[in-house]
>>> print(open('structure.cif').read())   # mmCIF, C-alpha atoms and all ligand atoms
data_input
loop_
_atom_site.group_PDB
_atom_site.id
_atom_site.type_symbol
_atom_site.label_atom_id
_atom_site.label_comp_id
_atom_site.auth_asym_id
_atom_site.auth_seq_id
_atom_site.Cartn_x
_atom_site.Cartn_y
_atom_site.Cartn_z
ATOM 1 C CA MET I 1 72.691 124.811 92.559
ATOM 2 C CA ASP I 2 69.889 123.366 94.672
ATOM 3 C CA SER I 3 70.595 121.550 97.936
ATOM 4 C CA LYS I 4 69.918 118.130 96.393
ATOM 5 C CA THR I 5 72.609 118.731 93.792
ATOM 6 C CA ALA I 6 75.043 119.999 96.410
ATOM 7 C CA GLU I 7 74.383 116.849 98.423
ATOM 8 C CA LYS I 8 75.209 114.666 95.424
ATOM 9 C CA TYR I 9 78.520 116.458 94.932
ATOM 10 C CA VAL I 10 79.365 116.083 98.609
ATOM 11 C CA LYS I 11 78.444 112.406 98.599
ATOM 12 C CA ALA I 12 80.472 111.747 95.437
ATOM 13 C CA GLY I 13 83.437 113.426 97.146
ATOM 14 C CA LYS I 14 83.026 111.335 100.268
ATOM 15 C CA ILE I 15 83.019 108.128 98.260
ATOM 16 C CA LEU I 16 86.003 109.339 96.255
ATOM 17 C CA GLY I 17 87.928 109.959 99.485
ATOM 18 C CA SER I 18 87.362 106.363 100.572
ATOM 19 C CA VAL I 19 88.214 105.005 97.103
ATOM 20 C CA GLN I 20 91.455 107.007 97.172
ATOM 21 C CA LYS I 21 92.443 105.372 100.454
ATOM 22 C CA LYS I 22 92.027 101.916 98.931
ATOM 23 C CA ALA I 23 93.889 102.978 95.812
ATOM 24 C CA ARG I 24 96.779 104.340 97.872
ATOM 25 C CA LYS I 25 97.027 101.115 99.844
ATOM 26 C CA SER I 26 97.097 99.035 96.679
ATOM 27 C CA ALA I 27 99.721 101.178 94.933
ATOM 28 C CA VAL I 28 102.851 99.442 96.177
ATOM 29 C CA ALA I 29 106.022 98.509 94.287
ATOM 30 C CA ASP I 30 105.698 95.529 91.899
ATOM 31 C CA LYS I 31 101.928 95.869 91.658
ATOM 32 C CA LYS I 32 100.389 95.770 88.184
ATOM 33 C CA LEU I 33 98.653 98.990 87.163
ATOM 34 C CA LEU I 34 95.763 96.862 85.927
ATOM 35 C CA ASP I 35 95.319 95.431 89.440
ATOM 36 C CA ILE I 36 95.248 98.943 90.916
ATOM 37 C CA ALA I 37 92.591 99.898 88.354
ATOM 38 C CA LEU I 38 90.507 96.863 89.337
ATOM 39 C CA VAL I 39 90.775 97.775 93.042
ATOM 40 C CA VAL I 40 89.454 101.245 92.219
ATOM 41 C CA GLU I 41 86.592 99.946 90.101
ATOM 42 C CA LYS I 42 85.529 97.450 92.753
ATOM 43 C CA ALA I 43 85.809 100.046 95.531
ATOM 44 C CA VAL I 44 83.448 102.448 93.756
ATOM 45 C CA LYS I 45 80.855 99.695 93.437
ATOM 46 C CA ASP I 46 81.242 98.373 96.987
ATOM 47 C CA LEU I 47 81.381 101.724 98.778
ATOM 48 C CA SER I 48 78.402 103.268 97.040
ATOM 49 C CA GLU I 49 76.112 100.249 96.738
ATOM 50 C CA GLY I 50 75.902 101.006 93.048
ATOM 51 C CA LYS I 51 74.721 104.607 93.563
ATOM 52 C CA ALA I 52 77.964 106.169 92.371
ATOM 53 C CA LYS I 53 79.944 105.420 89.245
ATOM 54 C CA LEU I 54 83.377 106.219 87.928
ATOM 55 C CA ALA I 55 83.242 109.477 85.984
ATOM 56 C CA PHE I 56 86.145 108.311 83.792
ATOM 57 C CA PRO I 57 88.593 105.396 83.671
ATOM 58 C CA VAL I 58 91.104 105.687 86.509
ATOM 59 C CA ASN I 59 94.153 107.463 85.106
ATOM 60 C CA LEU I 60 97.345 105.685 86.178
ATOM 61 C CA SER I 61 100.022 107.761 84.526
ATOM 62 C CA LEU I 62 103.679 106.955 85.178
ATOM 63 C CA ASN I 63 106.661 109.311 85.359
ATOM 64 C CA GLU I 64 106.733 111.628 82.303
ATOM 65 C CA ALA I 65 103.126 110.733 81.469
ATOM 66 C CA ALA I 66 101.082 113.448 83.169
ATOM 67 C CA ALA I 67 97.604 112.132 82.417
ATOM 68 C CA HIS I 68 95.287 109.919 80.344
ATOM 69 C CA TYR I 69 97.037 106.572 80.712
ATOM 70 C CA THR I 70 94.783 103.736 81.780
ATOM 71 C CA PRO I 71 95.746 100.065 81.552
ATOM 72 C CA GLY I 72 94.047 98.084 78.813
ATOM 73 C CA THR I 73 93.128 94.387 78.855
ATOM 74 C CA GLY I 74 96.254 92.301 79.519
ATOM 75 C CA ASP I 75 98.396 95.330 80.390
ATOM 76 C CA GLU I 76 101.468 93.989 82.218
ATOM 77 C CA THR I 77 102.892 97.353 83.319
ATOM 78 C CA VAL I 78 104.136 97.171 86.909
ATOM 79 C CA LEU I 79 104.697 100.010 89.385
ATOM 80 C CA GLY I 80 108.460 100.278 89.937
ATOM 81 C CA LYS I 81 109.783 101.547 93.252
ATOM 82 C CA ASN I 82 111.227 104.721 91.745
ATOM 83 C CA ASP I 83 108.200 105.376 89.556
ATOM 84 C CA VAL I 84 106.065 108.465 90.025
ATOM 85 C CA LEU I 85 102.446 107.369 89.618
ATOM 86 C CA LYS I 86 99.554 109.815 89.300
ATOM 87 C CA ILE I 87 96.281 108.207 90.405
ATOM 88 C CA ASP I 88 93.425 110.323 89.076
ATOM 89 C CA ILE I 89 89.890 109.193 89.895
ATOM 90 C CA GLY I 90 86.465 110.707 89.268
ATOM 91 C CA VAL I 91 83.255 109.580 90.952
ATOM 92 C CA HIS I 92 79.805 110.805 89.972
ATOM 93 C CA ILE I 93 76.268 110.539 91.230
ATOM 94 C CA ASP I 94 73.711 111.258 88.499
ATOM 95 C CA GLY I 95 76.459 113.053 86.557
ATOM 96 C CA PHE I 96 77.615 115.305 89.418
ATOM 97 C CA ILE I 97 81.342 114.663 89.562
ATOM 98 C CA ALA I 98 84.009 114.762 92.256
ATOM 99 C CA ASP I 99 87.423 114.713 90.562
ATOM 100 C CA GLY I 100 90.601 114.103 92.536
ATOM 101 C CA SER I 101 94.130 112.814 92.250
ATOM 102 C CA PHE I 102 97.300 112.181 94.171
ATOM 103 C CA THR I 103 100.788 110.933 93.371
ATOM 104 C CA VAL I 104 102.703 107.976 94.792
ATOM 105 C CA ASN I 105 106.391 107.073 94.579
ATOM 106 C CA PRO I 106 107.259 103.914 96.583
ATOM 107 C CA SER I 107 110.955 104.805 97.101
ATOM 108 C CA ASN I 108 110.185 108.403 98.168
ATOM 109 C CA GLU I 109 112.990 109.555 95.925
ATOM 110 C CA TRP I 110 110.613 112.116 94.413
ATOM 111 C CA ALA I 111 109.004 113.233 97.664
ATOM 112 C CA ASN I 112 109.888 116.905 97.006
ATOM 113 C CA LEU I 113 108.234 116.853 93.609
ATOM 114 C CA ILE I 114 105.091 115.339 95.099
ATOM 115 C CA GLU I 115 105.118 117.842 97.927
ATOM 116 C CA ALA I 116 105.296 120.700 95.407
ATOM 117 C CA SER I 117 102.002 119.770 93.718
ATOM 118 C CA GLU I 118 100.334 118.925 97.037
ATOM 119 C CA LEU I 119 101.309 122.236 98.607
ATOM 120 C CA ALA I 120 100.228 124.115 95.483
ATOM 121 C CA LEU I 121 96.807 122.472 95.740
ATOM 122 C CA GLU I 122 96.567 123.241 99.428
ATOM 123 C CA ASN I 123 97.487 126.899 98.866
ATOM 124 C CA ALA I 124 95.084 127.233 95.943
ATOM 125 C CA LEU I 125 92.253 125.780 98.034
ATOM 126 C CA SER I 126 93.093 128.064 100.934
ATOM 127 C CA ILE I 127 92.526 131.208 98.843
ATOM 128 C CA ALA I 128 89.418 129.875 97.064
ATOM 129 C CA LYS I 129 86.329 131.930 97.840
ATOM 130 C CA LEU I 130 83.273 133.329 96.128
ATOM 131 C CA GLY I 131 84.324 136.119 93.761
ATOM 132 C CA LEU I 132 88.033 135.241 93.606
ATOM 133 C CA GLU I 133 89.533 136.018 90.197
ATOM 134 C CA ILE I 134 90.479 132.791 88.483
ATOM 135 C CA GLY I 135 93.869 134.142 87.396
ATOM 136 C CA LYS I 136 94.847 134.509 91.056
ATOM 137 C CA ILE I 137 94.643 130.740 91.505
ATOM 138 C CA GLY I 138 97.239 130.273 88.755
ATOM 139 C CA THR I 139 99.491 132.848 90.387
ATOM 140 C CA GLU I 140 99.304 131.020 93.714
ATOM 141 C CA ILE I 141 100.022 127.608 92.139
ATOM 142 C CA GLU I 142 102.955 128.876 90.081
ATOM 143 C CA LYS I 143 104.469 130.702 93.048
ATOM 144 C CA THR I 144 104.207 127.634 95.272
ATOM 145 C CA ILE I 145 105.679 125.158 92.780
ATOM 146 C CA LYS I 146 108.528 127.471 91.762
ATOM 147 C CA GLY I 147 109.208 128.102 95.452
ATOM 148 C CA LYS I 148 109.888 124.363 95.743
ATOM 149 C CA GLY I 149 112.329 124.477 92.834
ATOM 150 C CA PHE I 150 110.071 122.950 90.166
ATOM 151 C CA LYS I 151 107.885 124.203 87.329
ATOM 152 C CA PRO I 152 104.118 123.949 86.943
ATOM 153 C CA VAL I 153 102.835 122.281 83.788
ATOM 154 C CA GLN I 154 101.502 125.314 81.968
ATOM 155 C CA ASN I 155 99.283 123.665 79.362
ATOM 156 C CA LEU I 156 97.315 121.516 81.788
ATOM 157 C CA THR I 157 94.601 123.162 83.835
ATOM 158 C CA GLY I 158 91.918 122.567 86.385
ATOM 159 C CA HIS I 159 88.374 123.132 85.184
ATOM 160 C CA GLY I 160 84.739 123.656 85.937
ATOM 161 C CA LEU I 161 82.478 120.657 86.452
ATOM 162 C CA GLU I 162 78.947 120.388 85.066
ATOM 163 C CA GLN I 163 76.496 117.516 85.120
ATOM 164 C CA TYR I 164 77.986 114.775 82.902
ATOM 165 C CA VAL I 165 80.695 117.200 81.747
ATOM 166 C CA GLN I 166 84.058 116.531 83.299
ATOM 167 C CA HIS I 167 85.927 119.409 81.671
ATOM 168 C CA ALA I 168 83.667 122.454 81.663
ATOM 169 C CA ALA I 169 84.608 126.127 81.464
ATOM 170 C CA PRO I 170 86.396 127.933 82.988
ATOM 171 C CA GLY I 171 89.902 126.451 82.871
ATOM 172 C CA ILE I 172 91.654 126.923 86.220
ATOM 173 C CA PRO I 173 95.238 127.902 85.351
ATOM 174 C CA ASN I 174 98.384 126.436 86.881
ATOM 175 C CA ILE I 175 100.406 129.522 85.964
ATOM 176 C CA GLU I 176 99.851 133.233 86.377
ATOM 177 C CA ASN I 177 97.438 134.589 83.782
ATOM 178 C CA ASN I 178 95.119 137.541 83.482
ATOM 179 C CA ASP I 179 91.825 135.700 83.681
ATOM 180 C CA THR I 180 89.540 138.106 85.533
ATOM 181 C CA ARG I 181 86.539 135.765 85.548
ATOM 182 C CA LYS I 182 85.472 134.947 89.090
ATOM 183 C CA LEU I 183 84.567 131.888 91.102
ATOM 184 C CA GLU I 184 80.776 131.877 91.162
ATOM 185 C CA ASP I 185 78.090 130.665 93.482
ATOM 186 C CA GLY I 186 76.372 127.439 92.484
ATOM 187 C CA GLN I 187 79.369 126.208 90.522
ATOM 188 C CA ALA I 188 81.751 123.258 90.877
ATOM 189 C CA TYR I 189 85.471 123.406 90.112
ATOM 190 C CA ALA I 190 88.478 121.091 90.092
ATOM 191 C CA PHE I 191 91.928 122.471 90.947
ATOM 192 C CA GLU I 192 94.786 120.303 89.722
ATOM 193 C CA PRO I 193 98.355 121.552 89.837
ATOM 194 C CA PHE I 194 101.051 119.502 88.105
ATOM 195 C CA ALA I 195 104.729 119.947 89.046
ATOM 196 C CA THR I 196 107.724 118.833 86.992
ATOM 197 C CA ASP I 197 111.519 118.992 86.910
ATOM 198 C CA GLY I 198 111.218 119.551 83.141
ATOM 199 C CA GLU I 199 110.077 122.521 81.046
ATOM 200 C CA GLY I 200 106.447 122.285 82.101
ATOM 201 C CA ILE I 201 104.821 121.565 78.759
ATOM 202 C CA VAL I 202 103.016 118.367 77.838
ATOM 203 C CA ARG I 203 102.425 116.968 74.354
ATOM 204 C CA GLU I 204 100.012 114.337 73.119
ATOM 205 C CA GLY I 205 101.483 110.864 72.763
ATOM 206 C CA ALA I 206 100.117 108.245 70.404
ATOM 207 C CA GLN I 207 98.506 105.784 72.738
ATOM 208 C CA SER I 208 94.815 105.972 73.593
ATOM 209 C CA GLU I 209 92.768 103.705 75.773
ATOM 210 C CA ILE I 210 90.313 106.409 76.836
ATOM 211 C CA PHE I 211 87.462 107.709 74.670
ATOM 212 C CA ALA I 212 84.262 109.751 75.017
ATOM 213 C CA VAL I 213 81.235 110.467 72.881
ATOM 214 C CA GLU I 214 81.648 113.662 70.932
ATOM 215 C CA GLU I 215 78.473 113.701 68.875
ATOM 216 C CA ALA I 216 76.055 110.797 68.850
ATOM 217 C CA ARG I 217 74.583 110.340 65.404
ATOM 218 C CA LEU I 218 73.260 107.572 63.244
ATOM 219 C CA ILE I 219 75.983 105.408 61.819
ATOM 220 C CA ARG I 220 75.647 102.633 59.243
ATOM 221 C CA ASN I 221 78.171 100.120 60.509
ATOM 222 C CA ASN I 222 76.436 97.563 62.717
ATOM 223 C CA HIS I 223 79.259 97.048 65.195
ATOM 224 C CA ALA I 224 79.724 100.789 65.557
ATOM 225 C CA ARG I 225 76.008 101.209 66.257
ATOM 226 C CA ASN I 226 76.067 98.506 68.934
ATOM 227 C CA VAL I 227 79.140 99.988 70.601
ATOM 228 C CA LEU I 228 77.679 103.508 70.548
ATOM 229 C CA GLU I 229 74.401 102.333 72.047
ATOM 230 C CA PHE I 230 76.277 100.605 74.864
ATOM 231 C CA ILE I 231 78.445 103.669 75.540
ATOM 232 C CA LEU I 232 75.527 106.101 75.669
ATOM 233 C CA GLU I 233 73.544 103.869 77.963
ATOM 234 C CA ASN I 234 76.421 103.282 80.390
ATOM 235 C CA TYR I 235 78.658 106.353 80.266
ATOM 236 C CA ASN I 236 76.560 109.082 78.658
ATOM 237 C CA THR I 237 79.054 111.731 77.519
ATOM 238 C CA LEU I 238 81.671 110.827 80.144
ATOM 239 C CA PRO I 239 84.982 109.177 79.202
ATOM 240 C CA PHE I 240 85.233 105.376 79.103
ATOM 241 C CA ALA I 241 87.928 102.741 78.594
ATOM 242 C CA GLU I 242 88.025 100.246 75.760
ATOM 243 C CA ARG I 243 88.491 97.607 78.466
ATOM 244 C CA TRP I 244 85.061 98.445 79.909
ATOM 245 C CA ILE I 245 83.415 97.780 76.564
ATOM 246 C CA ALA I 246 85.330 94.525 76.245
ATOM 247 C CA ASP I 247 83.984 93.490 79.655
ATOM 248 C CA GLY I 248 80.436 94.742 79.203
ATOM 249 C CA LEU I 249 79.508 94.099 75.595
ATOM 250 C CA LYS I 250 79.331 90.633 74.103
ATOM 251 C CA MET I 251 81.134 90.990 70.804
ATOM 252 C CA SER I 252 84.463 89.763 69.461
ATOM 253 C CA GLU I 253 87.600 91.849 69.799
ATOM 254 C CA PHE I 254 87.604 92.208 66.017
ATOM 255 C CA GLN I 255 84.042 93.574 65.985
ATOM 256 C CA ARG I 256 84.777 95.932 68.873
ATOM 257 C CA LYS I 257 87.880 97.316 67.157
ATOM 258 C CA ILE I 258 85.919 97.903 63.948
ATOM 259 C CA GLY I 259 83.113 99.546 65.912
ATOM 260 C CA LEU I 260 85.476 101.913 67.715
ATOM 261 C CA ARG I 261 87.422 102.670 64.534
ATOM 262 C CA GLU I 262 84.251 103.587 62.647
ATOM 263 C CA LEU I 263 83.011 105.753 65.528
ATOM 264 C CA LEU I 264 86.346 107.582 65.630
ATOM 265 C CA LYS I 265 86.338 108.055 61.854
ATOM 266 C CA ALA I 266 82.813 109.485 61.956
ATOM 267 C CA LYS I 267 83.846 111.724 64.900
ATOM 268 C CA CYS I 268 81.067 110.219 67.020
ATOM 269 C CA ILE I 269 83.719 109.587 69.664
ATOM 270 C CA LYS I 270 87.067 111.188 70.417
ATOM 271 C CA ALA I 271 90.237 109.652 71.863
ATOM 272 C CA PHE I 272 92.289 111.042 74.749
ATOM 273 C CA PRO I 273 95.952 110.395 73.925
ATOM 274 C CA VAL I 274 98.406 110.059 76.805
ATOM 275 C CA LEU I 275 99.893 113.469 77.708
ATOM 276 C CA LYS I 276 103.658 113.412 78.217
ATOM 277 C CA GLU I 277 106.116 115.963 79.541
ATOM 278 C CA GLU I 278 107.925 117.328 76.490
ATOM 279 C CA GLN I 279 111.426 116.666 77.830
ATOM 280 C CA GLY I 280 110.497 113.284 79.285
ATOM 281 C CA LYS I 281 110.892 114.594 82.843
ATOM 282 C CA MET I 282 108.982 113.566 85.944
ATOM 283 C CA VAL I 283 105.516 114.934 86.679
ATOM 284 C CA SER I 284 103.482 114.933 89.901
ATOM 285 C CA GLN I 285 99.826 115.933 90.308
ATOM 286 C CA ALA I 286 97.432 116.749 93.128
ATOM 287 C CA GLU I 287 93.740 117.452 92.623
ATOM 288 C CA ASN I 288 90.614 118.189 94.599
ATOM 289 C CA SER I 289 87.176 119.521 93.690
ATOM 290 C CA ILE I 290 85.064 122.197 95.331
ATOM 291 C CA ILE I 291 81.540 123.490 95.072
ATOM 292 C CA ILE I 292 80.451 126.974 96.020
ATOM 293 C CA HIS I 293 77.073 126.601 97.631
ATOM 294 C CA GLU I 294 75.178 129.481 99.240
ATOM 295 C CA GLY I 295 78.351 131.538 99.178
ATOM 296 C CA LYS I 296 80.526 128.977 100.917
ATOM 297 C CA VAL I 297 83.357 126.869 99.529
ATOM 298 C CA ILE I 298 82.922 123.155 100.225
ATOM 299 C CA LYS I 299 85.919 120.903 99.584
ATOM 300 C CA LEU I 300 84.666 117.595 98.150
ATOM 301 C CA ILE I 301 87.542 115.372 99.329
ATOM 302 C CA LYS I 302 88.220 116.052 103.000
HETATM 303 MN MN MN E 1 90.306 117.172 86.632
HETATM 304 MN MN MN E 2 91.194 114.341 87.650
#
>>> encode(input="structure.cif", output="C-alpha cells", more="lines below")
Ligand code: MN
Ligand code: MN
Amino acid sequence: MDSKTAEKYVKAGKILGSVQKKARKSAVADKKLLDIALVVEKAVKDLSEGKAKLAFPVNLSLNEAAAHYTPGTGDETVLGKNDVLKIDIGVHIDGFIADGSFTVNPSNEWANLIEASELALENALSIAKLGLEIGKIGTEIEKTIKGKGFKPVQNLTGHGLEQYVQHAAPGIPNIENNDTRKLEDGQAYAFEPFATDGEGIVREGAQSEIFAVEEARLIRNNHARNVLEFILENYNTLPFAERWIADGLKMSEFQRKIGLRELLKAKCIKAFPVLKEEQGKMVSQAENSIIIHEGKVIKLIK
C-alpha cells in the first residue's frame, strides 16, 4: 500500500468517526429509521465536501436482525426505547473503505449485551499486529463475549477490505478457528464481533433493500439497462439501496422494479437479505477497520 492509499483510508476513517457521532445523536427513541439514514447520508456529503461517499447503504438493523436492514422509501419503522439498533456505516474515498458500526439501545436495558461486543472489538484490536494469525482474533472475540455471558454470532465475520470491495478475503472469525493465515502489511481489515443472548447463528430473511452488481453484462430490457448504467456510474461494485435509485434516476416506480427484477434474474446484481438471529434473540455489534502500513497497525476510527 502506498502512502497516498494509506492517507485515503485514514481520511475515510476520520470522516466516518464524525458521521458516527451525528448518527449516535440522531438515534433517540421514537425516531424513524429513515430519518437516521438521511442524517447519515447528509453528514457524509457535508463533512467531506463531496470527496467521500457511503460505501454501502447505512445498515439500521433492529433487535434480532443482525445486519443488512436499511429503510426503504416511506419506511415508517421507529426506534423503540427497548430496541437494540446496530448502526453500520461505510465511507470510502476512491473505493478505499472505512467500515464501522456501533449499537444503541435508548433504555439501556441491553447495556451488557452492547458492552460484550464493544469489549470484544477492543480486545481484538489490542492484539492486532503484523503477522498475527487470523484464528487468534476469533479466539479473543469468543473468549471476551462468553466471559460476559453471551455468545458470538459464529456465521458472521469481519473481513479484508480492497478497493471497491467491501467484503474481501480473509474472513476475520468471531469464534475460535484454526485459520493460520496472518495479518499482512499493506492490507486493510474490518473486525466486527456480534454478541447475542441466542444461539449465535444467523439466517437469511426474505426482505432485501440492498443490492450490488455481481457481473455487469449486456441486457436486453431497456429499464434494466438504464438502472445498471446508473448503478455502475454511481456505486461501481459497492452495495446500494433501491431508495438511492428512486432518488437519483428519473423513471417510474414500475420501470425501476422491472429493471431491478430483470437484473436480479440475469444475475447482474445480487440482493443482500436481512440476516436474523435464528432464535429471534437480541444481537449487538461493534466494528472498526484497520490498515497495516509500514508494519504498523492504524485504527481507522479513533
Ligand atoms: Mn464490515
Ligand atoms: Mn460494517
>>> resolve_selection(input="structure.cif", expression="the PyMOL selection byres (((chain I and resi 131) around 10) and not hetatm)", output="mmCIF file with C-alpha atoms, in the coordinates of the input")
data_model
loop_
_atom_site.group_PDB
_atom_site.id
_atom_site.type_symbol
_atom_site.label_atom_id
_atom_site.label_comp_id
_atom_site.auth_asym_id
_atom_site.auth_seq_id
_atom_site.Cartn_x
_atom_site.Cartn_y
_atom_site.Cartn_z
ATOM 1 C CA ALA I 128 89.418 129.875 97.064
ATOM 2 C CA LYS I 129 86.329 131.930 97.840
ATOM 3 C CA LEU I 130 83.273 133.329 96.128
ATOM 4 C CA LEU I 132 88.033 135.241 93.606
ATOM 5 C CA GLU I 133 89.533 136.018 90.197
ATOM 6 C CA ILE I 134 90.479 132.791 88.483
ATOM 7 C CA THR I 180 89.540 138.106 85.533
ATOM 8 C CA ARG I 181 86.539 135.765 85.548
ATOM 9 C CA LYS I 182 85.472 134.947 89.090
ATOM 10 C CA LEU I 183 84.567 131.888 91.102
ATOM 11 C CA GLU I 184 80.776 131.877 91.162
ATOM 12 C CA ASP I 185 78.090 130.665 93.482
ATOM 13 C CA GLY I 295 78.351 131.538 99.178
#
>>> residues_near_ligand(input="structure.cif", ligand="ligand MN 2 (chain E)", cutoff="9 Å", atoms="all atoms listed in the file", output="list in words")
Phe56, Val58, Asn59, Ala67, Ile87, Asp88, Ile89, Gly90, Ala98, Asp99, Gly100, Ser101, Gly158, Gln166, Ala190, Phe191, Glu192, Ala286, Glu287, Asn288 and Ser289 of chain I
>>> closest_residue(input="structure.cif", among="I:Ala27, I:Ala188, I:Val19, I:Ala111", to="I:Glu41", atoms="only C-alpha atoms")
I:Val19
>>> axis_aligned_box(input="structure.cif", around="stretch 132-143 of chain I", padding_each_side="6 Å", output="lines of an AutoDock Vina configuration file")
center_x = 96.3
center_y = 131.8
center_z = 90.6
size_x = 28.4
size_y = 20.4
size_z = 18.3
>>> resolve_selection(input="structure.cif", expression="the PyMOL selection byres (((chain I and resi 8) around 12) and not hetatm)", output="PyMOL selection string")
chain I and resi 1-7+9-15+48+51-52+91-98+163+188+291+300
